[in-house]
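Engineer: One structure follows; several queries about it will come next.
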Amino acid sequence: MKFDKSFTSQKVYDNPLYDVEKMEVHLTSPSGRKKQVNGFWDGGALWRFRFAPDELGTWTYTTVCSDESNKGLHRVNGSFTSVPHQSKLAIYTKGSITRPKGSYHLAHADGTPFFYVAGTAWNGPLKSTDEEWCTYLEHRARNYYSVIQFATTQWRGADANRLGQVAFEGSGKIRINPAFFQHLDKKIDEINRYGLVAAPVLLWALPFADGRELNPGYYLPDPDAILLARYLVARYGGNQVIWILGGDGQYEYHYEQRWKNIGRGVFGELQHPGVVSLHPYGSSWIGDEYANEEWLDIVGYQSGHNNDEKTVTWITEGPVVKGWQQLPPKAIINMEPCYEEIFFKIADRDVRNASYWSLFATPVAGIAYGANGIWSWLRPGETILNHEDATGTHPWYESINFQGSMQVGYLSAFFQQLEWWRLRPANELLAMQPGIEEPHQFVSLLKAPDYSTILAYIPEKSTARIFNRAGYTYEGKWFNPVSNRYTKASLLVKQGIIEAKPPTGNDMILVLKKSKRQE
């Protein structure tokens, strides 16, 4: 549960973001562990710090301000008591999200694996009414989503929030607008109230296309970008969060050192809550360049908004597939597969294909879903800022019920019935790969290390032929990702190969489980 403490400064600064170089809070846990968070300015003489305790009992704290003469902020001592949360939600009973060292997945603080299934609502907290936002969050929580991705400042898709406020003004020396963030506070609190983890984009960063002049990650100088991101981390570090440092950015080539500097400046030295990701622009892979950046927990990528053969091949056989084994273990997640209804050419089948192919391409960690009418928070008669004409696009409240939107929920429930965190790509077990000739027929496999579980994603109706390397007897069933139903699979075993033919024409998943008679 978030602890929120306010302080009254004895001075009113002209620009607190720059005039107060440091406002830290040093905490001591009931067991004696030391933690440190930053405080932040909240308008006028008001300052705060927010913190999510990870121990029950009495915590003590002392503030440290760079302006030592300000007795309202410097050497202020206090204590508070952390008590058991009354909620049964996993983010409170199992703890904040972490990335266990040496793992390819995320987990709660107690070690329980956390499956990242994100709803993409970039404009949601900025544009929604309170009632709309709760409708969306309730729908996502009920349908097995676990994360909400969203923007935290003005950006190319929204030049202000619904009240006409901007997060900051200027460049070279910016001015924070606390009223904007006070409006955002409530929306982020609501995300957690529904048991979902907030994934805020701190700095939208796309360096090209219309509206790039609104993207703080594009135009702010490094020092200002770092200050803005650190402000956001201080403000929302008491929530259950996964940070997306940059959104839709180019992080390689001549931008590489800039983003490494920003990442280290925000997350590299000080303790910080939450795990950290980067969200790159379409069809780019940053794993090689950022493999050794210790502050980065999730290697995010974006497969883009096409369903053509080039995009399919990039997902199934491209740099992500070829590169992940060469990296130190980190979670690898496609944070932006194709959006349903974007360009009026992406349907639910394309969403399923991109999602399952991505999950089967690397150790399983998670996936994201988006729809053209949801990310923009589109209402009837509105247009999408700095994007293609969206006339005819369904509004957000209809788009949440799109077939692909619901089927990603089925995907989440399906994987969470398995020990998904143990699964690794296993295409070497295929006796025949139809995707060589026809990319849209690419069959993907996952297996447990001991071969006790094998999954095969078959995007079009064709017989799966799988080498039985372990020599086990398997029991098989089909999962239909369209209907969310299981049927028994008829398996034919000959010459060390398991054959199974899907019962329907749509994409299917074959689930092979080691027969219990062998255990």
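Each chain in the structure tokens gets a letter, A, B, ..., in the order shown, and its residues are numbered from 1; ligands are numbered from 1 in order too.
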Pick out the residues sitting within 6 Å of region 478-484 of chain A, and hand them over as an mmCIF file with N, CA and C atoms, in the first residue's frame; count only C-alpha atoms, and ignore anything fewer than 3 positions along from it in its own chain.

Structural biologist:
data_model
loop_
_atom_site.group_PDB
_atom_site.id
_atom_site.type_symbol
_atom_site.label_atom_id
_atom_site.label_comp_id
_atom_site.auth_asym_id
_atom_site.auth_seq_id
_atom_site.Cartn_x
_atom_site.Cartn_y
_atom_site.Cartn_z
ATOM 1 N N TYR A 410 -8.020 -14.507 -23.484
ATOM 2 C CA TYR A 410 -7.986 -15.973 -23.500
ATOM 3 C C TYR A 410 -6.535 -16.456 -23.463
ATOM 4 N N THR A 487 -10.136 -29.269 -26.865
ATOM 5 C CA THR A 487 -10.633 -30.552 -27.352
ATOM 6 C C THR A 487 -9.481 -31.558 -27.287
ATOM 7 N N ALA A 489 -6.798 -34.199 -28.468
ATOM 8 C CA ALA A 489 -6.023 -34.346 -29.695
ATOM 9 C C ALA A 489 -5.746 -35.824 -29.956
ATOM 10 N N MET A 508 -4.503 -22.855 -34.115
ATOM 11 C CA MET A 508 -4.712 -23.700 -32.951
ATOM 12 C C MET A 508 -3.388 -23.900 -32.222
ATOM 13 N N ILE A 509 -3.484 -24.314 -30.954
ATOM 14 C CA ILE A 509 -2.303 -24.649 -30.162
ATOM 15 C C ILE A 509 -2.429 -26.094 -29.708
ATOM 16 N N LEU A 510 -1.411 -26.868 -30.048
ATOM 17 C CA LEU A 510 -1.336 -28.246 -29.577
ATOM 18 C C LEU A 510 -0.590 -28.259 -28.252
#

Engineer: What's around region 377-385 of chain A at 7 Å? Count only C-alpha atoms, leave out sequence neighbours fewer than 3 positions away in its own chain, and write the answer as a ChimeraX atom specification.

Structural biologist: /A:123-124,127,156-158,373-374,389-390,395-396

Engineer: So which one's closest to Val233 (chain A), A:Trp59, A:Phe49, A:Trp324, A:Tyr104? Using only C-alpha atoms, please.

Structural biologist: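 Residue with the minimum atom-to-atom distance to Val233 (chain A): A:Phe49.
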
Engineer: Select, from A:Gly237, A:Gly366, A:Pro207, A:Pro216, the residue with the minimum atom-to-atom distance to Glu252 (chain A), counting only C-alpha atoms.

Structural biologist: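 The closest residue to Glu252 (chain A) is A:Pro207.
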
Engineer: Identify, with DSSP run on backbone atoms, the residues in region 115-356 of chain A assigned to helix (DSSP H, G or I), and express the list as an MDAnalysis selection string.

Structural biologist: chainID A and resid 124:127 130:142 178:193 212:214 216:219 222:236 253:268 287:290 309:317 319:326 342:344 348:356

Engineer: For the structure I just gave you, how does DSSP split region 2-248 of chain A - specifically, which residues are strand (DSSP E)? Reply as a PyMOL selection string.

Structural biologist: chain A and resi 3-8+23-28+34-38+40-41+46-51+57-65+77-82+97-98+106-108+113-114+116-120+147-151+168-169+175-176+197-204+242-248

Engineer: Take the residues that were just selected and, keeping C-alpha atoms, output them as a tab-separated table (two decimals), in the first residue's frame.

Structural biologist:
chain	number	residue	atom	x	y	z
A	3	PHE	CA	2.52	5.66	1.90
A	4	ASP	CA	2.14	9.35	0.98
A	5	LYS	CA	3.69	12.01	3.20
A	6	SER	CA	3.59	15.76	2.59
A	7	PHE	CA	5.99	18.48	3.76
A	8	THR	CA	5.68	22.25	3.81
A	23	MET	CA	15.36	16.19	-1.82
A	24	GLU	CA	15.88	12.61	-0.63
A	25	VAL	CA	14.16	10.50	1.96
A	26	HIS	CA	16.27	7.88	3.75
A	27	LEU	CA	14.16	5.07	5.20
A	28	THR	CA	14.91	2.29	7.68
A	34	LYS	CA	18.05	0.92	4.38
A	35	LYS	CA	16.11	2.34	1.44
A	36	GLN	CA	16.13	5.68	-0.32
A	37	VAL	CA	13.58	7.51	-2.48
A	38	ASN	CA	13.32	11.00	-3.89
A	40	PHE	CA	9.04	15.82	-5.32
A	41	TRP	CA	7.45	19.25	-5.54
A	46	LEU	CA	4.01	21.61	-0.90
A	47	TRP	CA	6.45	18.69	-1.26
A	48	ARG	CA	5.83	14.94	-0.92
A	49	PHE	CA	7.38	11.54	-0.91
A	50	ARG	CA	5.60	8.32	-1.80
A	51	PHE	CA	6.73	4.83	-0.94
A	57	GLY	CA	5.93	-2.88	11.11
A	58	THR	CA	7.34	0.53	11.96
A	59	TRP	CA	9.46	2.38	9.42
A	60	THR	CA	11.48	5.50	10.22
A	61	TYR	CA	12.69	8.17	7.81
A	62	THR	CA	14.89	11.27	7.58
A	63	THR	CA	14.81	13.82	4.78
A	64	VAL	CA	17.95	15.26	3.19
A	65	CYS	CA	17.63	18.48	1.16
A	77	ASN	CA	12.34	12.92	10.92
A	78	GLY	CA	9.28	10.72	11.15
A	79	SER	CA	7.86	7.23	11.24
A	80	PHE	CA	4.89	5.24	10.02
A	81	THR	CA	3.54	1.74	10.53
A	82	SER	CA	2.94	-0.67	7.66
A	97	ILE	CA	7.06	-6.55	-9.61
A	98	THR	CA	10.73	-7.56	-9.86
A	106	LEU	CA	9.14	-10.99	-14.20
A	107	ALA	CA	7.93	-11.97	-10.74
A	108	HIS	CA	6.27	-10.61	-7.64
A	113	PRO	CA	5.98	-15.46	-11.64
A	114	PHE	CA	4.19	-12.47	-13.17
A	116	TYR	CA	2.92	-9.41	-18.50
A	117	VAL	CA	-0.28	-8.96	-20.53
A	118	ALA	CA	-0.71	-5.29	-21.26
A	119	GLY	CA	-3.60	-3.24	-22.50
A	120	THR	CA	-2.26	-0.29	-24.50
A	147	VAL	CA	-0.63	-4.29	-17.06
A	148	ILE	CA	-1.79	-0.96	-18.51
A	149	GLN	CA	0.62	0.93	-20.80
A	150	PHE	CA	0.06	4.71	-21.03
A	151	ALA	CA	1.68	8.10	-21.65
A	168	PHE	CA	5.51	20.86	-18.42
A	169	GLU	CA	6.53	23.81	-20.54
A	175	ARG	CA	8.65	24.11	-15.74
A	176	ILE	CA	6.59	21.32	-14.19
A	197	VAL	CA	0.23	-2.81	-12.75
A	198	ALA	CA	0.80	0.66	-14.19
A	199	ALA	CA	3.34	0.90	-17.04
A	200	PRO	CA	3.89	4.63	-17.62
A	201	VAL	CA	5.94	5.89	-20.56
A	202	LEU	CA	8.16	8.55	-19.02
A	203	LEU	CA	9.53	10.10	-22.23
A	204	TRP	CA	7.78	9.58	-25.56
A	242	ILE	CA	6.78	-1.07	-14.50
A	243	TRP	CA	8.62	1.89	-16.02
A	244	ILE	CA	8.80	2.38	-19.79
A	245	LEU	CA	11.65	4.89	-19.96
A	246	GLY	CA	11.19	5.77	-23.65
A	247	GLY	CA	8.20	5.29	-25.94
A	248	ASP	CA	8.40	4.47	-29.66

Engineer: Just the number, please: distance in Å from CA of Ala456 (chain A) to CA of Pro502 (chain A), one decimal.

Structural biologist: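 So the two atoms, CA of Ala456 (chain A) and CA of Pro502 (chain A), lie 10.8 Å apart.
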
Engineer: Show which residues sit within 10 Å of His139 (chain A), as a list in words. Count only C-alpha atoms, and ignore same-chain residues fewer than 5 positions away.

Structural biologist: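 Neighbouring residues, sequence-local ones excluded: Trp133, Cys134, Tyr144, Tyr145, Tyr194, Ile400, Asn401 and Met406 of chain A.
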